[in-house]
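Dropping target-v3.pdb in here (PDB, C-alpha atoms):
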ATOM      1  CA  MET A   1      12.052  14.679 -18.948
ATOM      2  CA  LYS A   2      13.622  12.516 -16.284
ATOM      3  CA  ALA A   3      11.697  11.975 -13.099
ATOM      4  CA  ARG A   4      11.486   9.667 -10.114
ATOM      5  CA  ILE A   5       8.259   8.286  -8.733
ATOM      6  CA  VAL A   6       8.363   6.941  -5.176
ATOM      7  CA  ILE A   7       5.451   4.696  -4.303
ATOM      8  CA  LEU A   8       4.979   3.826  -0.643
ATOM      9  CA  PRO A   9       2.751   0.955   0.522
ATOM     10  CA  ASP A  10       0.895   3.352   2.829
ATOM     11  CA  GLY A  11      -0.641   5.074  -0.194
ATOM     12  CA  ASN A  12       1.779   7.990  -0.535
ATOM     13  CA  VAL A  13       3.247   8.779  -3.959
ATOM     14  CA  SER A  14       5.993  11.370  -4.482
ATOM     15  CA  VAL A  15       7.210  12.654  -7.829
ATOM     16  CA  PHE A  16      10.587  14.328  -8.314
ATOM     17  CA  VAL A  17      11.423  15.947 -11.655
ATOM     18  CA  ASP A  18      15.140  16.265 -12.217
ATOM     19  CA  GLU A  19      15.281  18.298 -15.440
ATOM     20  CA  GLY A  20      13.965  21.503 -16.934
ATOM     21  CA  THR A  21      12.495  24.380 -14.982
ATOM     22  CA  LEU A  22      10.003  24.605 -12.168
ATOM     23  CA  GLU A  23       7.328  25.543 -14.696
ATOM     24  CA  THR A  24       8.008  22.670 -17.082
ATOM     25  CA  GLY A  25       8.357  20.340 -14.122
ATOM     26  CA  ARG A  26       5.025  21.508 -12.750
ATOM     27  CA  ASP A  27       3.336  20.890 -16.086
ATOM     28  CA  ALA A  28       4.852  17.427 -16.344
ATOM     29  CA  ILE A  29       3.824  16.449 -12.831
ATOM     30  CA  GLU A  30       0.298  17.732 -13.293
ATOM     31  CA  ARG A  31      -0.014  15.774 -16.528
ATOM     32  CA  LEU A  32       1.305  12.699 -14.736
ATOM     33  CA  PHE A  33      -1.326  12.889 -12.027
ATOM     34  CA  VAL A  34      -4.059  13.472 -14.604
ATOM     35  CA  LYS A  35      -2.974  10.350 -16.466
ATOM     36  CA  LEU A  36      -2.822   8.328 -13.260
ATOM     37  CA  SER A  37      -6.318   9.474 -12.319
ATOM     38  CA  ALA A  38      -7.590   8.653 -15.805
ATOM     39  CA  SER A  39      -6.191   5.154 -15.354
ATOM     40  CA  GLY A  40      -8.239   4.589 -12.218
ATOM     41  CA  ILE A  41      -5.905   5.734  -9.453
ATOM     42  CA  LYS A  42      -7.916   8.190  -7.400
ATOM     43  CA  PHE A  43      -5.895  10.318  -5.015
ATOM     44  CA  ASP A  44      -7.479  11.765  -1.908
ATOM     45  CA  ALA A  45      -4.963  14.596  -1.691
ATOM     46  CA  VAL A  46      -2.403  16.107  -4.048
ATOM     47  CA  SER A  47       0.073  18.733  -2.889
ATOM     48  CA  ALA A  48       1.125  21.798  -4.813
ATOM     49  CA  VAL A  49       4.188  21.412  -7.009
ATOM     50  CA  GLU A  50       7.245  22.998  -5.450
ATOM     51  CA  GLN A  51      10.991  23.076  -5.818
ATOM     52  CA  HIS A  52      12.938  20.862  -3.491
ATOM     53  CA  LYS A  53      16.355  21.967  -2.336
ATOM     54  CA  HIS A  54      18.012  21.567   1.016
ATOM     55  CA  ALA A  55      20.150  24.077   2.893
ATOM     56  CA  GLU A  56      23.642  22.799   3.637
ATOM     57  CA  ALA A  57      22.848  22.456   7.336
ATOM     58  CA  GLU A  58      20.034  20.036   6.579
ATOM     59  CA  GLU A  59      22.032  17.775   4.300
ATOM     60  CA  LYS A  60      23.800  15.824   7.016
ATOM     61  CA  GLU A  61      20.621  14.742   8.756
ATOM     62  CA  HIS A  62      18.247  14.640   5.855
ATOM     63  CA  ARG A  63      16.861  11.326   4.709
ATOM     64  CA  HIS A  64      14.384  10.500   2.023
ATOM     65  CA  VAL A  65      12.555   7.261   1.575
ATOM     66  CA  HIS A  66      13.970   6.780  -1.910
ATOM     67  CA  GLN A  67      17.587   6.855  -0.785
ATOM     68  CA  THR A  68      18.942   3.356  -0.702
ATOM     69  CA  ASN A  69      22.448   4.041   0.668
TER      70      ASN A  69
ATOM     71  CA  MET B   1      22.035  16.329  -2.643
ATOM     72  CA  PRO B   2      20.572  13.308  -4.411
ATOM     73  CA  CYS B   3      17.026  14.205  -3.460
ATOM     74  CA  ASP B   4      17.120  17.791  -4.735
ATOM     75  CA  ALA B   5      14.557  18.192  -7.492
ATOM     76  CA  ILE B   6      13.574  20.876  -9.974
ATOM     77  CA  ALA B   7       9.944  20.196  -9.134
ATOM     78  CA  THR B   8       8.242  17.843  -6.718
ATOM     79  CA  ALA B   9       4.780  16.990  -5.501
ATOM     80  CA  ARG B  10       3.106  14.398  -3.300
ATOM     81  CA  ALA B  11      -0.194  12.627  -3.533
ATOM     82  CA  ARG B  12      -1.955  10.338  -1.123
ATOM     83  CA  VAL B  13      -4.520   7.597  -1.204
ATOM     84  CA  GLU B  14      -6.237   7.111   2.140
ATOM     85  CA  SER B  15      -6.124   3.724   3.836
ATOM     86  CA  GLU B  16      -9.832   3.117   3.330
ATOM     87  CA  ARG B  17      -9.456   3.558  -0.404
ATOM     88  CA  LEU B  18      -6.404   1.275  -0.385
ATOM     89  CA  ALA B  19      -8.548  -1.358   1.274
ATOM     90  CA  GLU B  20     -10.944  -1.212  -1.702
ATOM     91  CA  LEU B  21      -8.263  -3.097  -3.604
ATOM     92  CA  LEU B  22      -9.034  -6.081  -1.372
ATOM     93  CA  THR B  23     -11.870  -7.754  -3.211
ATOM     94  CA  ASP B  24     -13.866 -10.497  -1.507
ATOM     95  CA  GLU B  25     -12.331 -13.057  -3.842
ATOM     96  CA  LEU B  26      -8.802 -11.966  -2.984
ATOM     97  CA  VAL B  27      -9.527 -11.812   0.740
ATOM     98  CA  SER B  28     -11.035 -15.278   0.589
ATOM     99  CA  VAL B  29      -7.847 -16.750  -0.849
ATOM    100  CA  VAL B  30      -5.365 -14.748   1.196
ATOM    101  CA  ALA B  31      -7.163 -15.029   4.528
ATOM    102  CA  HIS B  32      -7.748 -18.746   4.104
ATOM    103  CA  GLN B  33      -4.006 -19.341   3.796
ATOM    104  CA  PHE B  34      -3.243 -16.916   6.625
ATOM    105  CA  LEU B  35      -5.599 -18.717   8.998
ATOM    106  CA  LYS B  36      -4.031 -22.070   8.257
ATOM    107  CA  LEU B  37      -0.617 -20.732   9.185
ATOM    108  CA  PHE B  38      -1.590 -18.472  12.080
ATOM    109  CA  ASN B  39       0.161 -19.055  15.371
ATOM    110  CA  ASN B  40       2.137 -22.017  14.158
ATOM    111  CA  LYS B  41      -0.861 -23.717  12.593
ATOM    112  CA  GLN B  42      -3.073 -23.414  15.633
ATOM    113  CA  PHE B  43      -6.241 -23.792  13.611
ATOM    114  CA  HIS B  44      -6.777 -27.219  12.127
ATOM    115  CA  THR B  45     -10.060 -26.589  10.361
ATOM    116  CA  VAL B  46     -10.988 -23.605   8.241
ATOM    117  CA  THR B  47     -14.192 -23.197   6.301
ATOM    118  CA  ASP B  48     -15.281 -20.173   4.395
ATOM    119  CA  GLN B  49     -18.581 -18.668   3.579
ATOM    120  CA  LYS B  50     -19.113 -15.552   1.497
ATOM    121  CA  ALA B  51     -21.616 -12.983   2.557
ATOM    122  CA  PHE B  52     -22.425 -11.516  -0.831
ATOM    123  CA  GLY B  53     -21.291  -7.919  -1.026
ATOM    124  CA  GLU B  54     -20.547  -7.760   2.678
ATOM    125  CA  GLY B  55     -17.153  -9.382   2.908
ATOM    126  CA  VAL B  56     -16.040 -12.863   3.844
ATOM    127  CA  ILE B  57     -16.795 -14.986   6.878
ATOM    128  CA  PHE B  58     -14.686 -17.878   8.076
ATOM    129  CA  LYS B  59     -15.223 -20.461  10.779
ATOM    130  CA  VAL B  60     -11.978 -21.678  12.263
ATOM    131  CA  MET B  61     -11.445 -24.320  14.900
ATOM    132  CA  ASP B  62      -8.576 -25.146  17.191
ATOM    133  CA  ASP B  63      -8.515 -27.968  19.720
ATOM    134  CA  ASP B  64     -10.796 -26.145  22.148
ATOM    135  CA  ALA B  65     -13.080 -23.708  20.404
ATOM    136  CA  THR B  66     -14.645 -22.388  17.224
ATOM    137  CA  TYR B  67     -13.971 -18.837  16.085
ATOM    138  CA  THR B  68     -15.875 -16.754  13.583
ATOM    139  CA  VAL B  69     -13.718 -14.428  11.509
ATOM    140  CA  SER B  70     -15.562 -11.701   9.621
ATOM    141  CA  ILE B  71     -13.579  -9.698   7.116
ATOM    142  CA  TYR B  72     -14.636  -6.732   5.029
ATOM    143  CA  ARG B  73     -11.702  -5.372   3.041
ATOM    144  CA  ALA B  74      -9.063  -4.794   5.753
ATOM    145  CA  LYS B  75     -11.442  -4.766   8.713
ATOM    146  CA  VAL B  76     -11.410  -7.958  10.761
ATOM    147  CA  LYS B  77     -13.703  -9.018  13.556
ATOM    148  CA  VAL B  78     -13.150 -12.226  15.494
ATOM    149  CA  THR B  79     -15.625 -13.773  17.886
ATOM    150  CA  GLY B  80     -15.629 -17.143  19.551
ATOM    151  CA  ASP B  81     -17.871 -19.666  21.204
ATOM    152  CA  TYR B  82     -18.007 -20.190  24.958
ATOM    153  CA  ASN B  83     -14.701 -22.065  24.952
ATOM    154  CA  ALA B  84     -12.917 -19.392  22.969
ATOM    155  CA  ASP B  85      -9.960 -17.507  24.332
ATOM    156  CA  GLY B  86     -10.354 -13.722  24.217
ATOM    157  CA  ASP B  87      -6.626 -13.212  23.759
ATOM    158  CA  THR B  88      -6.704 -15.445  20.713
ATOM    159  CA  CYS B  89      -9.581 -13.451  19.260
ATOM    160  CA  ARG B  90      -7.725 -10.183  19.710
ATOM    161  CA  ALA B  91      -4.389 -11.517  18.475
ATOM    162  CA  LEU B  92      -5.939 -13.037  15.388
ATOM    163  CA  ALA B  93      -7.898  -9.889  14.549
ATOM    164  CA  GLU B  94      -4.827  -7.679  14.953
ATOM    165  CA  SER B  95      -2.521  -9.968  13.009
ATOM    166  CA  MET B  96      -4.929 -10.446  10.160
ATOM    167  CA  THR B  97      -5.730  -6.739   9.987
ATOM    168  CA  GLY B  98      -2.032  -5.969   9.734
ATOM    169  CA  PHE B  99      -1.537  -8.643   7.104
ATOM    170  CA  LEU B 100      -4.433  -7.419   4.972
ATOM    171  CA  THR B 101      -3.305  -3.814   5.311
ATOM    172  CA  LYS B 102       0.145  -4.771   4.043
ATOM    173  CA  THR B 103      -1.434  -6.739   1.224
ATOM    174  CA  ALA B 104      -3.467  -3.703   0.191
ATOM    175  CA  GLY B 105      -0.300  -1.625   0.217
ATOM    176  CA  LEU B 106       1.512  -4.052  -2.046
ATOM    177  CA  LEU B 107      -1.457  -4.144  -4.392
ATOM    178  CA  PHE B 108      -1.409  -0.352  -4.529
ATOM    179  CA  GLN B 109       2.282  -0.281  -5.394
ATOM    180  CA  ARG B 110       1.767  -2.826  -8.122
ATOM    181  CA  LYS B 111      -1.230  -0.996  -9.566
ATOM    182  CA  VAL B 112       0.526   2.368  -9.697
ATOM    183  CA  SER B 113       3.656   0.747 -11.114
ATOM    184  CA  GLN B 114       1.653  -0.971 -13.851
ATOM    185  CA  VAL B 115      -0.141   2.230 -14.795
ATOM    186  CA  VAL B 116       3.130   4.159 -14.908
ATOM    187  CA  SER B 117       4.730   1.430 -17.029
ATOM    188  CA  ASN B 118       1.797   1.487 -19.436
ATOM    189  CA  ARG B 119       1.871   5.263 -19.834
ATOM    190  CA  PHE B 120       5.555   6.140 -19.563
ATOM    191  CA  GLN B 121       8.998   4.732 -20.197
ATOM    192  CA  VAL B 122      10.391   3.245 -17.003
ATOM    193  CA  THR B 123      14.188   3.170 -17.108
ATOM    194  CA  ASN B 124      14.736   1.677 -13.667
ATOM    195  CA  ALA B 125      12.748   0.167 -10.821
ATOM    196  CA  GLN B 126      14.187  -0.276  -7.357
ATOM    197  CA  GLN B 127      12.810  -1.491  -4.051
ATOM    198  CA  ALA B 128      14.056   0.544  -1.106
ATOM    199  CA  PRO B 129      14.736  -1.055   2.307
ATOM    200  CA  ASN B 130      11.725   0.738   3.786
ATOM    201  CA  GLY B 131       9.428  -0.862   1.225
ATOM    202  CA  ALA B 132       9.200   2.096  -1.141
ATOM    203  CA  LEU B 133       9.138   1.315  -4.859
ATOM    204  CA  VAL B 134      11.222   3.865  -6.754
ATOM    205  CA  LEU B 135      10.664   4.196 -10.486
ATOM    206  CA  SER B 136      12.953   6.202 -12.747
ATOM    207  CA  VAL B 137      10.848   7.379 -15.656
ATOM    208  CA  GLU B 138      10.659   9.649 -18.664
ATOM    209  CA  ILE B 139       7.528  11.784 -18.321
TER     210      ILE B 139
END

Go ahead and express the file in the form of structure tokens.
Amino acid sequence: MKARIVILPDGNVSVFVDEGTLETGRDAIERLFVKLSASGIKFDAVSAVEQHKHAEAEEKEHRHVHQTN
Amino acid sequence: MPCDAIATARARVESERLAELLTDELVSVVAHQFLKLFNNKQFHTVTDQKAFGEGVIFKVMDDDATYTVSIYRAKVKVTGDYNADGDTCRALAESMTGFLTKTAGLLFQRKVSQVVSNRFQVTNAQQAPNGALVLSVEI
């Protein structure tokens, strides 16, 4: 399952799953965070898994840290 | 939209926990070099002394005064003798705090990246202009 992990130097980590369903994506993300925690990376806060889509009106102004263009 | 995702979540490590990545040994090396280069090599003498388990203490001297730099993880305190310049104390403390905070951030990125690489297949790694490290992975 393809995903993107965005790691910011301020301690924020975002995960974006690009395949499957919301349910399979949720499972994959939760497993990811469990494995990261088991490897010694202790997060102080983890958000709920949600779907991420933008309305057309937002697209023109929207920026994400992982966009490089 | 490139950033649309089937599923997404965010996690955060607080700055104090990031600073735990700054061991006394690492701070000793990094801060020593920083002090030598600070303000166009203002300080001509730097000595270090470890306070076991309580961070690192440096004595630095410029042409006029001696400064004591106490560092615990990313927290920096600078005091000076009677000839010391208060502005220099503040500037040094702020600059070094910022430098150590950035160092902790880079260490965090590297640690997470290494863990991800050990556990998953990373197909691409890219550094964004804002400093974000973006990993494309199979999870």

#### Entry: Test item: chain A residues at most 6 Å from chain B, counting only C-alpha atoms, as a PyMOL selection string
chain A and resi 1-18+22+25+43-47+49-53+68

### Task
Enter the distance from atom CA of B:Thr45 to atom CA of B:Ala19, in Å, rounded to one decimal.
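Atom-to-atom, atom CA of B:Thr45 and atom CA of B:Ala19 are spaced 26.9 Å apart.
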
### Task
Work out how far atom CA of B:Val76 is from atom CA of B:Arg90, in Å to one decimal.
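These two atoms are separated by 9.9 Å.
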
### Summary
What separates atom CA of B:Val27 and atom CA of B:Lys77 is a distance of 13.8 Å

### Query
If you count only C-alpha atoms, which residues fall within 10 Å of B:Asp64, apart from same-chain ones fewer than 4 positions away, as a PyMOL selection string?
chain B and resi 43+81-85

### Message
List as a list in words the residues having at least one atom at most 10 Å from position (-4.4, -18.3, 17.9) as given in the file, counting all atoms listed in the file.
### Response
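Here is the list of nearby residues: Leu35, Leu37, Phe38, Asn39, Asn40, Lys41, Gln42, Phe43, Met61, Asp62, Tyr67, Ala84, Asp85, Gly86, Asp87, Thr88, Cys89, Arg90, Ala91, Leu92, Ala93 and Ser95 of chain B.
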
Since the input lacks some atoms of stretch 100-111 of chain B, please model all heavy atoms and print them as a short mmCIF file (atom, residue, chain, number, x, y, z; two decimals), in the frame of the given file.
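Once written, out-v3.cif looks like this:
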data_model
loop_
_atom_site.label_atom_id
_atom_site.label_comp_id
_atom_site.auth_asym_id
_atom_site.auth_seq_id
_atom_site.Cartn_x
_atom_site.Cartn_y
_atom_site.Cartn_z
N LEU B 100 -3.60 -7.91 6.08
CA LEU B 100 -4.43 -7.42 4.97
C LEU B 100 -4.07 -5.98 4.60
O LEU B 100 -4.10 -5.61 3.42
CB LEU B 100 -5.91 -7.52 5.33
CG LEU B 100 -6.47 -8.95 5.41
CD1 LEU B 100 -7.88 -8.95 5.98
CD2 LEU B 100 -6.46 -9.61 4.04
N THR B 101 -3.73 -5.19 5.59
CA THR B 101 -3.30 -3.81 5.31
C THR B 101 -2.03 -3.81 4.48
O THR B 101 -1.90 -3.04 3.52
CB THR B 101 -3.09 -3.04 6.62
OG1 THR B 101 -4.31 -3.01 7.36
CG2 THR B 101 -2.64 -1.61 6.35
N LYS B 102 -1.09 -4.66 4.83
CA LYS B 102 0.14 -4.77 4.04
C LYS B 102 -0.15 -5.27 2.64
O LYS B 102 0.43 -4.80 1.66
CB LYS B 102 1.13 -5.72 4.73
CG LYS B 102 1.81 -5.13 5.93
CD LYS B 102 2.82 -6.12 6.51
CE LYS B 102 3.46 -5.56 7.76
NZ LYS B 102 4.38 -6.51 8.41
N THR B 103 -1.07 -6.22 2.54
CA THR B 103 -1.43 -6.74 1.22
C THR B 103 -2.02 -5.63 0.35
O THR B 103 -1.68 -5.51 -0.83
CB THR B 103 -2.44 -7.89 1.36
OG1 THR B 103 -1.86 -8.93 2.16
CG2 THR B 103 -2.84 -8.45 0.01
N ALA B 104 -2.89 -4.82 0.94
CA ALA B 104 -3.47 -3.70 0.19
C ALA B 104 -2.39 -2.74 -0.28
O ALA B 104 -2.43 -2.22 -1.39
CB ALA B 104 -4.50 -2.97 1.06
N GLY B 105 -1.40 -2.51 0.58
CA GLY B 105 -0.30 -1.62 0.22
C GLY B 105 0.51 -2.15 -0.95
O GLY B 105 0.90 -1.41 -1.86
N LEU B 106 0.76 -3.44 -0.94
CA LEU B 106 1.51 -4.05 -2.05
C LEU B 106 0.70 -4.00 -3.34
O LEU B 106 1.24 -3.78 -4.42
CB LEU B 106 1.87 -5.50 -1.69
CG LEU B 106 2.90 -5.66 -0.57
CD1 LEU B 106 3.05 -7.12 -0.19
CD2 LEU B 106 4.24 -5.08 -0.99
N LEU B 107 -0.59 -4.23 -3.22
CA LEU B 107 -1.46 -4.14 -4.39
C LEU B 107 -1.44 -2.73 -4.97
O LEU B 107 -1.43 -2.54 -6.19
CB LEU B 107 -2.89 -4.54 -4.03
CG LEU B 107 -3.12 -6.02 -3.72
CD1 LEU B 107 -4.54 -6.23 -3.19
CD2 LEU B 107 -2.90 -6.87 -4.96
N PHE B 108 -1.45 -1.75 -4.09
CA PHE B 108 -1.41 -0.35 -4.53
C PHE B 108 -0.11 -0.07 -5.28
O PHE B 108 -0.13 0.55 -6.35
CB PHE B 108 -1.54 0.57 -3.31
CG PHE B 108 -1.32 2.02 -3.63
CD1 PHE B 108 -2.27 2.73 -4.32
CD2 PHE B 108 -0.16 2.67 -3.23
CE1 PHE B 108 -2.07 4.08 -4.61
CE2 PHE B 108 0.04 4.00 -3.51
CZ PHE B 108 -0.91 4.71 -4.20
N GLN B 109 1.00 -0.51 -4.72
CA GLN B 109 2.28 -0.28 -5.39
C GLN B 109 2.28 -0.93 -6.77
O GLN B 109 2.75 -0.34 -7.75
CB GLN B 109 3.43 -0.85 -4.55
CG GLN B 109 3.77 -0.03 -3.34
CD GLN B 109 4.98 -0.58 -2.61
OE1 GLN B 109 5.02 -1.76 -2.25
NE2 GLN B 109 5.95 0.27 -2.36
N ARG B 110 1.77 -2.13 -6.85
CA ARG B 110 1.77 -2.83 -8.12
C ARG B 110 0.86 -2.12 -9.12
O ARG B 110 1.20 -1.98 -10.30
CB ARG B 110 1.32 -4.28 -7.93
CG ARG B 110 1.48 -5.12 -9.19
CD ARG B 110 1.30 -6.59 -8.91
NE ARG B 110 -0.07 -6.93 -8.62
CZ ARG B 110 -0.49 -8.17 -8.41
NH1 ARG B 110 0.36 -9.17 -8.43
NH2 ARG B 110 -1.76 -8.40 -8.15
N LYS B 111 -0.29 -1.66 -8.66
CA LYS B 111 -1.23 -1.00 -9.57
C LYS B 111 -0.63 0.29 -10.12
O LYS B 111 -0.68 0.54 -11.33
CB LYS B 111 -2.54 -0.70 -8.84
CG LYS B 111 -3.58 -0.04 -9.72
CD LYS B 111 -4.89 0.14 -8.97
CE LYS B 111 -5.93 0.76 -9.89
NZ LYS B 111 -7.24 0.93 -9.24
#
